[in-house]
Structures are given as C-alpha cells and as structure tokens.
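Printed here is target-v8.csv (CSV, N, CA and C atoms):
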chain,number,residue,atom,x,y,z
A,27,MET,N,-8.5,12.1,26.8
A,27,MET,CA,-8.1,10.9,26.0
A,27,MET,C,-7.5,9.9,26.8
A,28,THR,N,-7.8,8.6,26.6
A,28,THR,CA,-7.2,7.5,27.3
A,28,THR,C,-5.8,7.3,26.6
A,29,PRO,N,-5.0,6.5,27.3
A,29,PRO,CA,-3.7,6.2,26.7
A,29,PRO,C,-3.8,5.4,25.4
A,30,PHE,N,-4.8,4.5,25.3
A,30,PHE,CA,-5.0,3.8,24.1
A,30,PHE,C,-5.5,4.7,22.9
A,31,GLU,N,-6.3,5.7,23.2
A,31,GLU,CA,-6.7,6.7,22.2
A,31,GLU,C,-5.5,7.5,21.7
A,32,ILE,N,-4.6,7.8,22.6
A,32,ILE,CA,-3.4,8.5,22.2
A,32,ILE,C,-2.6,7.7,21.3
A,33,VAL,N,-2.4,6.4,21.7
A,33,VAL,CA,-1.7,5.5,20.8
A,33,VAL,C,-2.3,5.4,19.4
A,34,GLN,N,-3.6,5.3,19.4
A,34,GLN,CA,-4.4,5.2,18.1
A,34,GLN,C,-4.1,6.5,17.3
A,35,LEU,N,-4.2,7.7,17.9
A,35,LEU,CA,-3.9,8.9,17.2
A,35,LEU,C,-2.5,9.0,16.7
A,36,VAL,N,-1.5,8.6,17.5
A,36,VAL,CA,-0.2,8.6,17.0
A,36,VAL,C,0.0,7.7,15.8
A,37,LEU,N,-0.6,6.5,15.9
A,37,LEU,CA,-0.5,5.5,14.8
A,37,LEU,C,-1.2,6.0,13.6
A,38,ARG,N,-2.3,6.7,13.7
A,38,ARG,CA,-3.0,7.2,12.5
A,38,ARG,C,-2.2,8.3,11.9
A,39,VAL,N,-1.5,9.1,12.6
A,39,VAL,CA,-0.7,10.2,12.0
A,39,VAL,C,0.5,9.6,11.3
A,40,LEU,N,1.2,8.6,12.0
A,40,LEU,CA,2.4,8.0,11.4
A,40,LEU,C,2.0,7.2,10.1
A,41,LEU,N,0.9,6.5,10.2
A,41,LEU,CA,0.4,5.7,9.0
A,41,LEU,C,0.0,6.7,7.9
A,42,ALA,N,-0.6,7.8,8.2
A,42,ALA,CA,-1.0,8.7,7.2
A,42,ALA,C,0.2,9.3,6.5
A,43,VAL,N,1.3,9.6,7.3
A,43,VAL,CA,2.5,10.1,6.6
A,43,VAL,C,3.1,9.1,5.7
A,44,VAL,N,3.1,7.8,6.2
A,44,VAL,CA,3.7,6.7,5.3
A,44,VAL,C,2.9,6.6,4.1
A,45,PHE,N,1.5,6.4,4.2
A,45,PHE,CA,0.7,6.2,3.0
A,45,PHE,C,0.7,7.4,2.1
A,46,ILE,N,0.6,8.6,2.6
A,46,ILE,CA,0.6,9.8,1.7
A,46,ILE,C,2.0,9.8,0.9
A,47,GLY,N,3.1,9.6,1.7
A,47,GLY,CA,4.4,9.6,1.0
A,47,GLY,C,4.5,8.5,0.0
A,48,MET,N,4.1,7.2,0.3
A,48,MET,CA,4.1,6.1,-0.7
A,48,MET,C,3.2,6.4,-1.9
A,49,GLY,N,2.1,7.0,-1.6
A,49,GLY,CA,1.2,7.3,-2.7
A,49,GLY,C,1.7,8.4,-3.6
A,50,ALA,N,2.4,9.4,-3.1
A,50,ALA,CA,3.0,10.4,-3.9
A,50,ALA,C,4.1,9.8,-4.8
A,51,ASN,N,4.8,8.8,-4.3
A,51,ASN,CA,5.8,8.2,-5.1
A,51,ASN,C,5.3,7.5,-6.4
A,52,HIS,N,4.0,7.2,-6.3
A,52,HIS,CA,3.4,6.6,-7.5
A,52,HIS,C,3.3,7.5,-8.7
A,53,PHE,N,3.6,8.8,-8.5
A,53,PHE,CA,3.5,9.8,-9.5
A,53,PHE,C,4.9,10.3,-10.0
A,54,ARG,N,5.9,9.7,-9.4
A,54,ARG,CA,7.3,10.0,-9.9
A,54,ARG,C,7.5,9.1,-11.1
A,55,PRO,N,7.8,9.6,-12.3
A,55,PRO,CA,7.8,8.8,-13.5
A,55,PRO,C,8.6,7.5,-13.5
A,56,LYS,N,9.9,7.6,-13.0
A,56,LYS,CA,10.7,6.4,-13.0
A,56,LYS,C,10.2,5.4,-12.0
A,57,LEU,N,9.8,5.8,-10.8
A,57,LEU,CA,9.2,4.9,-9.9
A,57,LEU,C,7.9,4.3,-10.4
A,58,ALA,N,7.1,5.1,-11.0
A,58,ALA,CA,5.8,4.6,-11.5
A,58,ALA,C,6.0,3.5,-12.6
A,59,ARG,N,7.0,3.7,-13.4
A,59,ARG,CA,7.3,2.7,-14.5
A,59,ARG,C,7.7,1.4,-13.8
A,60,GLY,N,8.6,1.5,-12.8
A,60,GLY,CA,9.1,0.3,-12.1
A,60,GLY,C,7.9,-0.4,-11.4
A,61,MET,N,7.0,0.4,-10.8
A,61,MET,CA,5.8,-0.3,-10.1
A,61,MET,C,4.9,-0.9,-11.2
A,62,ALA,N,4.8,-0.3,-12.3
A,62,ALA,CA,3.9,-0.9,-13.4
A,62,ALA,C,4.5,-2.2,-13.8
A,63,ALA,N,5.8,-2.3,-13.9
A,63,ALA,CA,6.5,-3.5,-14.3
A,63,ALA,C,6.3,-4.6,-13.3
A,64,MET,N,6.0,-4.3,-12.0
A,64,MET,CA,5.8,-5.3,-10.9
A,64,MET,C,4.4,-6.0,-11.0
A,65,ILE,N,3.5,-5.4,-11.8
A,65,ILE,CA,2.2,-6.1,-11.9
A,65,ILE,C,2.4,-7.4,-12.7
A,66,PRO,N,1.9,-8.5,-12.1
A,66,PRO,CA,2.1,-9.8,-12.7
A,66,PRO,C,1.5,-9.9,-14.1
A,67,PRO,N,2.1,-10.7,-15.0
A,67,PRO,CA,1.6,-10.8,-16.3
A,67,PRO,C,0.1,-11.2,-16.4
A,68,GLY,N,-0.4,-12.0,-15.5
A,68,GLY,CA,-1.8,-12.4,-15.5
A,68,GLY,C,-2.8,-11.3,-15.1
A,69,LEU,N,-2.2,-10.2,-14.6
A,69,LEU,CA,-3.1,-9.1,-14.2
A,69,LEU,C,-2.8,-7.8,-15.0
A,70,ARG,N,-2.2,-8.0,-16.2
A,70,ARG,CA,-1.9,-6.9,-17.1
A,70,ARG,C,-3.0,-6.8,-18.1
A,71,TRP,N,-3.6,-5.7,-18.2
A,71,TRP,CA,-4.6,-5.4,-19.2
A,71,TRP,C,-4.2,-4.2,-20.1
A,72,SER,N,-5.0,-3.9,-21.1
A,72,SER,CA,-4.7,-2.8,-21.9
A,72,SER,C,-5.8,-1.8,-21.7
A,73,GLY,N,-5.7,-0.7,-22.3
A,73,GLY,CA,-6.8,0.4,-22.2
A,73,GLY,C,-6.7,1.1,-20.9
A,74,PRO,N,-7.8,1.4,-20.3
A,74,PRO,CA,-7.9,2.2,-19.1
A,74,PRO,C,-7.2,1.4,-17.9
A,75,LEU,N,-7.2,0.1,-17.9
A,75,LEU,CA,-6.7,-0.7,-16.8
A,75,LEU,C,-5.2,-1.1,-17.1
A,76,ARG,N,-4.5,-0.4,-18.0
A,76,ARG,CA,-3.1,-0.8,-18.2
A,76,ARG,C,-2.3,-0.5,-17.0
A,77,PRO,N,-1.2,-1.2,-16.8
A,77,PRO,CA,-0.4,-1.1,-15.6
A,77,PRO,C,-0.1,0.3,-15.1
A,78,LEU,N,0.3,1.2,-15.9
A,78,LEU,CA,0.7,2.5,-15.5
A,78,LEU,C,-0.5,3.2,-14.9
A,79,ASN,N,-1.7,3.1,-15.5
A,79,ASN,CA,-2.9,3.7,-14.9
A,79,ASN,C,-3.2,3.0,-13.5
A,80,LEU,N,-3.0,1.7,-13.4
A,80,LEU,CA,-3.3,1.1,-12.1
A,80,LEU,C,-2.3,1.6,-11.0
A,81,VAL,N,-1.1,1.9,-11.4
A,81,VAL,CA,-0.1,2.5,-10.5
A,81,VAL,C,-0.6,3.9,-10.0
A,82,TYR,N,-1.1,4.7,-11.0
A,82,TYR,CA,-1.6,6.0,-10.6
A,82,TYR,C,-2.9,5.9,-9.7
A,83,PHE,N,-3.7,4.9,-10.0
A,83,PHE,CA,-4.9,4.7,-9.2
A,83,PHE,C,-4.5,4.3,-7.8
A,84,THR,N,-3.6,3.4,-7.7
A,84,THR,CA,-3.2,2.9,-6.3
A,84,THR,C,-2.5,4.1,-5.6
A,85,GLY,N,-1.8,5.0,-6.3
A,85,GLY,CA,-1.3,6.1,-5.6
A,85,GLY,C,-2.3,7.0,-5.1
A,86,VAL,N,-3.4,7.2,-5.8
A,86,VAL,CA,-4.5,8.0,-5.3
A,86,VAL,C,-5.2,7.3,-4.1
A,87,CYS,N,-5.3,6.0,-4.2
A,87,CYS,CA,-5.9,5.2,-3.1
A,87,CYS,C,-5.0,5.4,-1.8
A,88,GLU,N,-3.7,5.3,-2.0
A,88,GLU,CA,-2.9,5.5,-0.8
A,88,GLU,C,-3.0,6.9,-0.2
A,89,ILE,N,-2.9,7.9,-1.0
A,89,ILE,CA,-3.1,9.3,-0.6
A,89,ILE,C,-4.4,9.5,0.1
A,90,ALA,N,-5.5,9.0,-0.5
A,90,ALA,CA,-6.8,9.2,0.0
A,90,ALA,C,-6.9,8.5,1.3
A,91,GLY,N,-6.4,7.2,1.4
A,91,GLY,CA,-6.4,6.5,2.6
A,91,GLY,C,-5.6,7.2,3.8
A,92,GLY,N,-4.5,7.7,3.4
A,92,GLY,CA,-3.7,8.4,4.4
A,92,GLY,C,-4.4,9.7,4.9
A,93,VAL,N,-5.0,10.4,4.0
A,93,VAL,CA,-5.7,11.6,4.5
A,93,VAL,C,-7.0,11.2,5.3
A,94,GLY,N,-7.6,10.1,4.8
A,94,GLY,CA,-8.8,9.6,5.6
A,94,GLY,C,-8.5,9.2,7.0
A,95,LEU,N,-7.3,8.7,7.2
A,95,LEU,CA,-6.9,8.3,8.6
A,95,LEU,C,-6.8,9.5,9.5
A,96,LEU,N,-6.6,10.7,9.0
A,96,LEU,CA,-6.5,11.9,9.8
A,96,LEU,C,-7.8,12.6,10.1
A,97,VAL,N,-8.9,12.2,9.4
A,97,VAL,CA,-10.2,12.7,9.6
A,97,VAL,C,-11.0,11.8,10.5
A,98,PRO,N,-11.4,12.2,11.7
A,98,PRO,CA,-12.0,11.3,12.7
A,98,PRO,C,-13.2,10.5,12.1
A,99,TRP,N,-14.1,11.2,11.4
A,99,TRP,CA,-15.3,10.5,10.9
A,99,TRP,C,-15.0,9.6,9.7
A,100,THR,N,-13.8,9.6,9.1
A,100,THR,CA,-13.5,8.7,8.0
A,100,THR,C,-12.4,7.7,8.3
A,101,ALA,N,-11.8,7.9,9.5
A,101,ALA,CA,-10.7,7.0,9.9
A,101,ALA,C,-10.9,5.5,9.8
A,102,PHE,N,-12.1,5.1,10.3
A,102,PHE,CA,-12.4,3.7,10.3
A,102,PHE,C,-12.5,3.2,8.9
A,103,ALA,N,-13.3,3.9,8.1
A,103,ALA,CA,-13.5,3.4,6.7
A,103,ALA,C,-12.2,3.5,5.9
A,104,ALA,N,-11.4,4.5,6.2
A,104,ALA,CA,-10.0,4.6,5.5
A,104,ALA,C,-9.2,3.5,5.9
A,105,GLY,N,-9.2,3.1,7.2
A,105,GLY,CA,-8.4,2.0,7.7
A,105,GLY,C,-8.8,0.7,7.0
A,106,ILE,N,-10.0,0.4,6.9
A,106,ILE,CA,-10.5,-0.8,6.3
A,106,ILE,C,-10.1,-0.8,4.8
A,107,ALA,N,-10.3,0.3,4.2
A,107,ALA,CA,-9.9,0.4,2.8
A,107,ALA,C,-8.4,0.2,2.6
A,108,LEU,N,-7.6,0.7,3.5
A,108,LEU,CA,-6.2,0.5,3.3
A,108,LEU,C,-5.8,-1.0,3.6
A,109,VAL,N,-6.5,-1.6,4.5
A,109,VAL,CA,-6.3,-3.1,4.7
A,109,VAL,C,-6.6,-3.8,3.4
A,110,LEU,N,-7.7,-3.5,2.8
A,110,LEU,CA,-8.1,-4.2,1.6
A,110,LEU,C,-7.1,-3.9,0.4
A,111,PHE,N,-6.7,-2.6,0.4
A,111,PHE,CA,-5.7,-2.2,-0.5
A,111,PHE,C,-4.4,-3.0,-0.4
A,112,LEU,N,-3.9,-3.2,0.8
A,112,LEU,CA,-2.7,-3.9,1.0
A,112,LEU,C,-2.8,-5.4,0.6
A,113,ILE,N,-4.0,-5.9,0.8
A,113,ILE,CA,-4.2,-7.3,0.3
A,113,ILE,C,-4.3,-7.3,-1.2
A,114,ALA,N,-4.9,-6.3,-1.8
A,114,ALA,CA,-5.0,-6.3,-3.3
A,114,ALA,C,-3.7,-6.1,-4.0
A,115,VAL,N,-2.8,-5.3,-3.4
A,115,VAL,CA,-1.5,-5.1,-4.1
A,115,VAL,C,-0.4,-6.2,-3.8
A,116,PHE,N,-0.8,-7.1,-2.9
A,116,PHE,CA,0.2,-8.1,-2.5
A,116,PHE,C,0.7,-8.9,-3.7
A,117,PRO,N,-0.2,-9.3,-4.7
A,117,PRO,CA,0.4,-10.1,-5.8
A,117,PRO,C,1.5,-9.4,-6.5
A,118,ALA,N,1.5,-8.1,-6.7
A,118,ALA,CA,2.5,-7.4,-7.3
A,118,ALA,C,3.8,-7.4,-6.5
A,119,ASN,N,3.7,-7.3,-5.2
A,119,ASN,CA,4.9,-7.4,-4.3
A,119,ASN,C,5.4,-8.8,-4.4
A,120,HIS,N,4.6,-9.8,-4.4
A,120,HIS,CA,5.0,-11.2,-4.5
A,120,HIS,C,5.7,-11.4,-5.8
A,121,PHE,N,5.2,-10.9,-6.9
A,121,PHE,CA,5.8,-11.1,-8.2
A,121,PHE,C,7.2,-10.5,-8.2
A,122,ALA,N,7.3,-9.3,-7.6
A,122,ALA,CA,8.6,-8.6,-7.6
A,122,ALA,C,9.6,-9.4,-6.7
A,123,SER,N,9.1,-10.1,-5.7
A,123,SER,CA,10.0,-10.9,-4.8
A,123,SER,C,10.6,-12.1,-5.5
A,124,GLU,N,9.9,-12.5,-6.6
A,124,GLU,CA,10.3,-13.7,-7.3
A,124,GLU,C,11.3,-13.3,-8.4
A,125,HIS,N,11.5,-12.0,-8.7
A,125,HIS,CA,12.4,-11.5,-9.7
A,125,HIS,C,13.3,-10.4,-9.2
A,126,PRO,N,14.2,-10.8,-8.3
A,126,PRO,CA,15.1,-9.7,-7.7
A,126,PRO,C,16.1,-9.2,-8.8
A,127,GLU,N,16.4,-10.0,-9.8
A,127,GLU,CA,17.3,-9.5,-10.8
A,127,GLU,C,16.7,-8.4,-11.6
A,128,ARG,N,15.4,-8.4,-11.7
A,128,ARG,CA,14.7,-7.4,-12.5
A,128,ARG,C,14.3,-6.2,-11.6
A,129,PHE,N,14.0,-6.4,-10.4
A,129,PHE,CA,13.4,-5.3,-9.6
A,129,PHE,C,14.3,-4.7,-8.5
A,130,GLY,N,15.5,-5.3,-8.3
A,130,GLY,CA,16.5,-4.8,-7.4
A,130,GLY,C,15.9,-4.7,-5.9
A,131,ALA,N,16.1,-3.5,-5.4
A,131,ALA,CA,15.7,-3.2,-4.0
A,131,ALA,C,14.2,-3.4,-3.7
A,132,ALA,N,13.4,-3.2,-4.8
A,132,ALA,CA,11.9,-3.4,-4.6
A,132,ALA,C,11.5,-4.8,-4.5
A,133,ALA,N,12.4,-5.7,-4.8
A,133,ALA,CA,12.2,-7.2,-4.7
A,133,ALA,C,12.5,-7.7,-3.3
A,134,ILE,N,11.7,-7.2,-2.3
A,134,ILE,CA,11.9,-7.7,-1.0
A,134,ILE,C,11.5,-9.2,-0.9
A,135,PRO,N,12.3,-10.0,-0.4
A,135,PRO,CA,12.0,-11.5,-0.3
A,135,PRO,C,10.6,-11.7,0.3
A,136,PHE,N,9.9,-12.8,-0.2
A,136,PHE,CA,8.5,-13.0,0.1
A,136,PHE,C,8.2,-13.0,1.6
A,137,TRP,N,8.9,-13.8,2.4
A,137,TRP,CA,8.5,-13.8,3.8
A,137,TRP,C,8.7,-12.5,4.6
A,138,PRO,N,9.8,-11.8,4.4
A,138,PRO,CA,9.8,-10.5,5.1
A,138,PRO,C,8.7,-9.6,4.6
A,139,ARG,N,8.5,-9.6,3.3
A,139,ARG,CA,7.4,-8.7,2.8
A,139,ARG,C,6.1,-9.1,3.4
A,140,TYR,N,5.8,-10.4,3.4
A,140,TYR,CA,4.5,-10.9,3.9
A,140,TYR,C,4.3,-10.5,5.4
A,141,ILE,N,5.4,-10.7,6.2
A,141,ILE,CA,5.3,-10.4,7.6
A,141,ILE,C,5.1,-8.9,7.8
A,142,ALA,N,5.8,-8.1,7.0
A,142,ALA,CA,5.7,-6.6,7.1
A,142,ALA,C,4.3,-6.2,6.7
A,143,GLN,N,3.7,-6.8,5.7
A,143,GLN,CA,2.3,-6.5,5.3
A,143,GLN,C,1.4,-6.8,6.4
A,144,LEU,N,1.6,-7.9,7.1
A,144,LEU,CA,0.7,-8.3,8.2
A,144,LEU,C,0.9,-7.4,9.4
A,145,VAL,N,2.1,-6.9,9.6
A,145,VAL,CA,2.3,-6.0,10.7
A,145,VAL,C,1.7,-4.6,10.4
A,146,LEU,N,1.8,-4.2,9.2
A,146,LEU,CA,1.2,-3.0,8.7
A,146,LEU,C,-0.4,-3.1,8.8
A,147,ILE,N,-0.9,-4.2,8.4
A,147,ILE,CA,-2.4,-4.4,8.6
A,147,ILE,C,-2.8,-4.3,10.0
A,148,ALA,N,-2.0,-5.0,10.9
A,148,ALA,CA,-2.3,-5.0,12.3
A,148,ALA,C,-2.2,-3.6,12.9
A,149,MET,N,-1.2,-2.8,12.5
A,149,MET,CA,-1.1,-1.4,13.0
A,149,MET,C,-2.3,-0.6,12.5
A,150,ILE,N,-2.7,-0.8,11.3
A,150,ILE,CA,-3.9,0.0,10.8
A,150,ILE,C,-5.1,-0.4,11.7
A,151,LEU,N,-5.3,-1.7,11.9
A,151,LEU,CA,-6.5,-2.1,12.6
A,151,LEU,C,-6.5,-1.6,14.1
A,152,VAL,N,-5.3,-1.6,14.7
A,152,VAL,CA,-5.2,-1.0,16.1
A,152,VAL,C,-5.5,0.5,16.0
A,153,ALA,N,-5.1,1.2,15.0
A,153,ALA,CA,-5.3,2.6,14.9
A,153,ALA,C,-6.7,3.0,14.7
A,154,VAL,N,-7.5,2.1,14.1
A,154,VAL,CA,-8.9,2.6,13.7
A,154,VAL,C,-10.0,1.8,14.4
A,155,VAL,N,-9.7,0.7,15.1
A,155,VAL,CA,-10.8,-0.1,15.8
A,155,VAL,C,-10.9,0.3,17.2
Please re-express this file's structure in structure tokens.
Amino acid sequence: MTPFEIVQLVLRVLLAVVFIGMGANHFRPKLARGMAAMIPPGLRWSGPLRPLNLVYFTGVCEIAGGVGLLVPWTAFAAGIALVLFLIAVFPANHFASEHPERFGAAAIPFWPRYIAQLVLIAMILVAVV
C-alpha cells in the first residue's frame, strides 16, 4: 500500500465510525424527535414521508453509508452517496441554526456548520477517490 492508500483507509474507517454512530443516534427516541423538529416547515409532509420517518430513513442511510465505506467494492459508491446525503440534509441543519432557542446545542451557527460540512465532504472524497 502506498502512503496515500493508507491515509484513505484510515479516513474510511474513521468516517465509517462517525457515520454509523450518527446513524444509530437517529433511532434514539428523544434525539429522533429533536431531529424531526429540525426539518424545515416547507419540507414537512404527512404519511410515509412525515418527519420522524425521514429521520429513521436518514439514520439507515448514514449506517449503510458508513458500512459501505468499509467494503472496498462499495466504498466509492458509498462515499458519493454520503456526499449527496450531506447536501440533502443541510436544509435541516440550516433551519436549526436559525433557531438556537429551540434547538440548543444542535443549532450550530450557519457558517461553522457550513464549513464543517464542506470539510466532511472533502474528507469523504479524499477517502474514496
């Protein structure tokens, strides 16, 4: 293995741990309700796409993406899927950042959250490309 391949492997393992852990949190009832509340009003639907179901779905996506990073033949696809996932969930993070009185610690201010998301996306891309 080259030094770059070692860096990629270490990044994939670290990112997998992060995404699997974050995904598992989507199934903790209190946290799941808080995440459901973060979904902006314009993106709230009823029925199968109600906010709590979307939280569960995103939890499954994070866990699957994390596991996918660990499997060599799925790592690239998992990485791209996680990048798209991070872009897709950003509106909820932005909504939370606008309402710190409602979301407390989950309401990370917009610019730090935005920069952190970009860094995470860059780390994923380095890990899988």
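Of note, atom CA of A:Pro66 and atom N of A:Pro117 are spaced 8.3 Å apart.
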Which residues of stretch 71-127 of chain A sit at most 7 Å from stretch 134-148 of chain A, using all atoms listed in the file? Give each one's shortest atom pair and distance in Å (one decimal place), in chain and ascending residue order, as a Markdown table.
| residue | atom | partner | partner_atom | distance |
| --- | --- | --- | --- | --- |
| A:Leu108 | C | A:Ile147 | CA | 6.9 |
| A:Val109 | CA | A:Ile147 | CA | 5.7 |
| A:Asn119 | C | A:Ile134 | N | 6.8 |
| A:His120 | CA | A:Phe136 | CA | 6.1 |
| A:Ala122 | C | A:Ile134 | N | 5.3 |
| A:Ser123 | CA | A:Ile134 | C | 4.5 |
| A:Glu124 | N | A:Phe136 | N | 6.4 |
| A:Pro126 | CA | A:Ile134 | N | 6.9 |
Mind writing the picked residues with N, CA and C atoms as a short mmCIF file (atom, residue, chain, number, x, y, z; two decimals), in the frame of the given file?
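As written to disk, again.cif reads:
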data_model
loop_
_atom_site.label_atom_id
_atom_site.label_comp_id
_atom_site.auth_asym_id
_atom_site.auth_seq_id
_atom_site.Cartn_x
_atom_site.Cartn_y
_atom_site.Cartn_z
N LEU A 108 -7.60 0.70 3.50
CA LEU A 108 -6.20 0.50 3.30
C LEU A 108 -5.80 -1.00 3.60
N VAL A 109 -6.50 -1.60 4.50
CA VAL A 109 -6.30 -3.10 4.70
C VAL A 109 -6.60 -3.80 3.40
N ASN A 119 3.70 -7.30 -5.20
CA ASN A 119 4.90 -7.40 -4.30
C ASN A 119 5.40 -8.80 -4.40
N HIS A 120 4.60 -9.80 -4.40
CA HIS A 120 5.00 -11.20 -4.50
C HIS A 120 5.70 -11.40 -5.80
N ALA A 122 7.30 -9.30 -7.60
CA ALA A 122 8.60 -8.60 -7.60
C ALA A 122 9.60 -9.40 -6.70
N SER A 123 9.10 -10.10 -5.70
CA SER A 123 10.00 -10.90 -4.80
C SER A 123 10.60 -12.10 -5.50
N GLU A 124 9.90 -12.50 -6.60
CA GLU A 124 10.30 -13.70 -7.30
C GLU A 124 11.30 -13.30 -8.40
N PRO A 126 14.20 -10.80 -8.30
CA PRO A 126 15.10 -9.70 -7.70
C PRO A 126 16.10 -9.20 -8.80
#
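Atom pair atom CA of A:Ile150 / atom CA of A:Ala62: separated by 25.4 Å.
For A:Ala58, the set of protein, DNA and RNA residues having any atom at most 7 Å away, when counting only C-alpha atoms and skipping those fewer than 4 positions along the same chain, is His52, Phe53, Arg54, Ala62, Leu78 and Val81 of chain A.
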* Taking the DSSP assignment computed from this structure's backbone, write out as a ChimeraX atom specification all residues of chain A that belong to helix (DSSP H, G or I). => /A:29-51,55-63,67-69,73-75,77-96,101-123,126-132,136-154
Please return stretch 60-68 of chain A, rebuilt to all heavy atoms, as a PDB file, in the coordinates of the input.
ATOM      1  N   GLY A  60       8.600   1.500 -12.800  1.00  0.00           N
ATOM      2  CA  GLY A  60       9.100   0.300 -12.100  1.00  0.00           C
ATOM      3  C   GLY A  60       7.900  -0.400 -11.400  1.00  0.00           C
ATOM      4  O   GLY A  60       7.835  -1.625 -11.392  1.00  0.00           O
ATOM      5  N   MET A  61       7.000   0.400 -10.800  1.00  0.00           N
ATOM      6  CA  MET A  61       5.800  -0.300 -10.100  1.00  0.00           C
ATOM      7  C   MET A  61       4.900  -0.900 -11.200  1.00  0.00           C
ATOM      8  O   MET A  61       4.379  -2.000 -10.909  1.00  0.00           O
ATOM      9  CB  MET A  61       5.042   0.776  -9.318  1.00  0.00           C
ATOM     10  CG  MET A  61       5.750   1.249  -8.075  1.00  0.00           C
ATOM     11  SD  MET A  61       4.731   2.465  -7.223  1.00  0.00           S
ATOM     12  CE  MET A  61       5.975   3.584  -6.658  1.00  0.00           C
ATOM     13  N   ALA A  62       4.800  -0.300 -12.300  1.00  0.00           N
ATOM     14  CA  ALA A  62       3.900  -0.900 -13.400  1.00  0.00           C
ATOM     15  C   ALA A  62       4.500  -2.200 -13.800  1.00  0.00           C
ATOM     16  O   ALA A  62       3.790  -3.154 -14.097  1.00  0.00           O
ATOM     17  CB  ALA A  62       3.802   0.102 -14.532  1.00  0.00           C
ATOM     18  N   ALA A  63       5.800  -2.300 -13.900  1.00  0.00           N
ATOM     19  CA  ALA A  63       6.500  -3.500 -14.300  1.00  0.00           C
ATOM     20  C   ALA A  63       6.300  -4.600 -13.300  1.00  0.00           C
ATOM     21  O   ALA A  63       6.385  -5.823 -13.596  1.00  0.00           O
ATOM     22  CB  ALA A  63       7.983  -3.278 -14.498  1.00  0.00           C
ATOM     23  N   MET A  64       6.000  -4.300 -12.000  1.00  0.00           N
ATOM     24  CA  MET A  64       5.800  -5.300 -10.900  1.00  0.00           C
ATOM     25  C   MET A  64       4.400  -6.000 -11.000  1.00  0.00           C
ATOM     26  O   MET A  64       4.230  -6.984 -10.377  1.00  0.00           O
ATOM     27  CB  MET A  64       5.919  -4.614  -9.573  1.00  0.00           C
ATOM     28  CG  MET A  64       7.330  -4.177  -9.231  1.00  0.00           C
ATOM     29  SD  MET A  64       7.422  -3.165  -7.730  1.00  0.00           S
ATOM     30  CE  MET A  64       6.734  -4.250  -6.504  1.00  0.00           C
ATOM     31  N   ILE A  65       3.500  -5.400 -11.800  1.00  0.00           N
ATOM     32  CA  ILE A  65       2.200  -6.100 -11.900  1.00  0.00           C
ATOM     33  C   ILE A  65       2.400  -7.400 -12.700  1.00  0.00           C
ATOM     34  O   ILE A  65       2.936  -7.423 -13.782  1.00  0.00           O
ATOM     35  CB  ILE A  65       1.216  -5.126 -12.637  1.00  0.00           C
ATOM     36  CG1 ILE A  65       1.016  -3.871 -11.769  1.00  0.00           C
ATOM     37  CG2 ILE A  65      -0.106  -5.841 -12.912  1.00  0.00           C
ATOM     38  CD1 ILE A  65       0.159  -2.801 -12.392  1.00  0.00           C
ATOM     39  N   PRO A  66       1.900  -8.500 -12.100  1.00  0.00           N
ATOM     40  CA  PRO A  66       2.100  -9.800 -12.700  1.00  0.00           C
ATOM     41  C   PRO A  66       1.500  -9.900 -14.100  1.00  0.00           C
ATOM     42  O   PRO A  66       0.450  -9.262 -14.324  1.00  0.00           O
ATOM     43  CB  PRO A  66       1.435 -10.764 -11.705  1.00  0.00           C
ATOM     44  CG  PRO A  66       1.339 -10.021 -10.422  1.00  0.00           C
ATOM     45  CD  PRO A  66       1.240  -8.572 -10.784  1.00  0.00           C
ATOM     46  N   PRO A  67       2.100 -10.700 -15.000  1.00  0.00           N
ATOM     47  CA  PRO A  67       1.600 -10.800 -16.300  1.00  0.00           C
ATOM     48  C   PRO A  67       0.100 -11.200 -16.400  1.00  0.00           C
ATOM     49  O   PRO A  67      -0.668 -10.641 -17.211  1.00  0.00           O
ATOM     50  CB  PRO A  67       2.392 -11.957 -16.917  1.00  0.00           C
ATOM     51  CG  PRO A  67       3.665 -11.913 -16.149  1.00  0.00           C
ATOM     52  CD  PRO A  67       3.292 -11.486 -14.751  1.00  0.00           C
ATOM     53  N   GLY A  68      -0.400 -12.000 -15.500  1.00  0.00           N
ATOM     54  CA  GLY A  68      -1.800 -12.400 -15.500  1.00  0.00           C
ATOM     55  C   GLY A  68      -2.800 -11.300 -15.100  1.00  0.00           C
ATOM     56  O   GLY A  68      -3.988 -11.395 -15.311  1.00  0.00           O
TER      57      GLY A  68
END
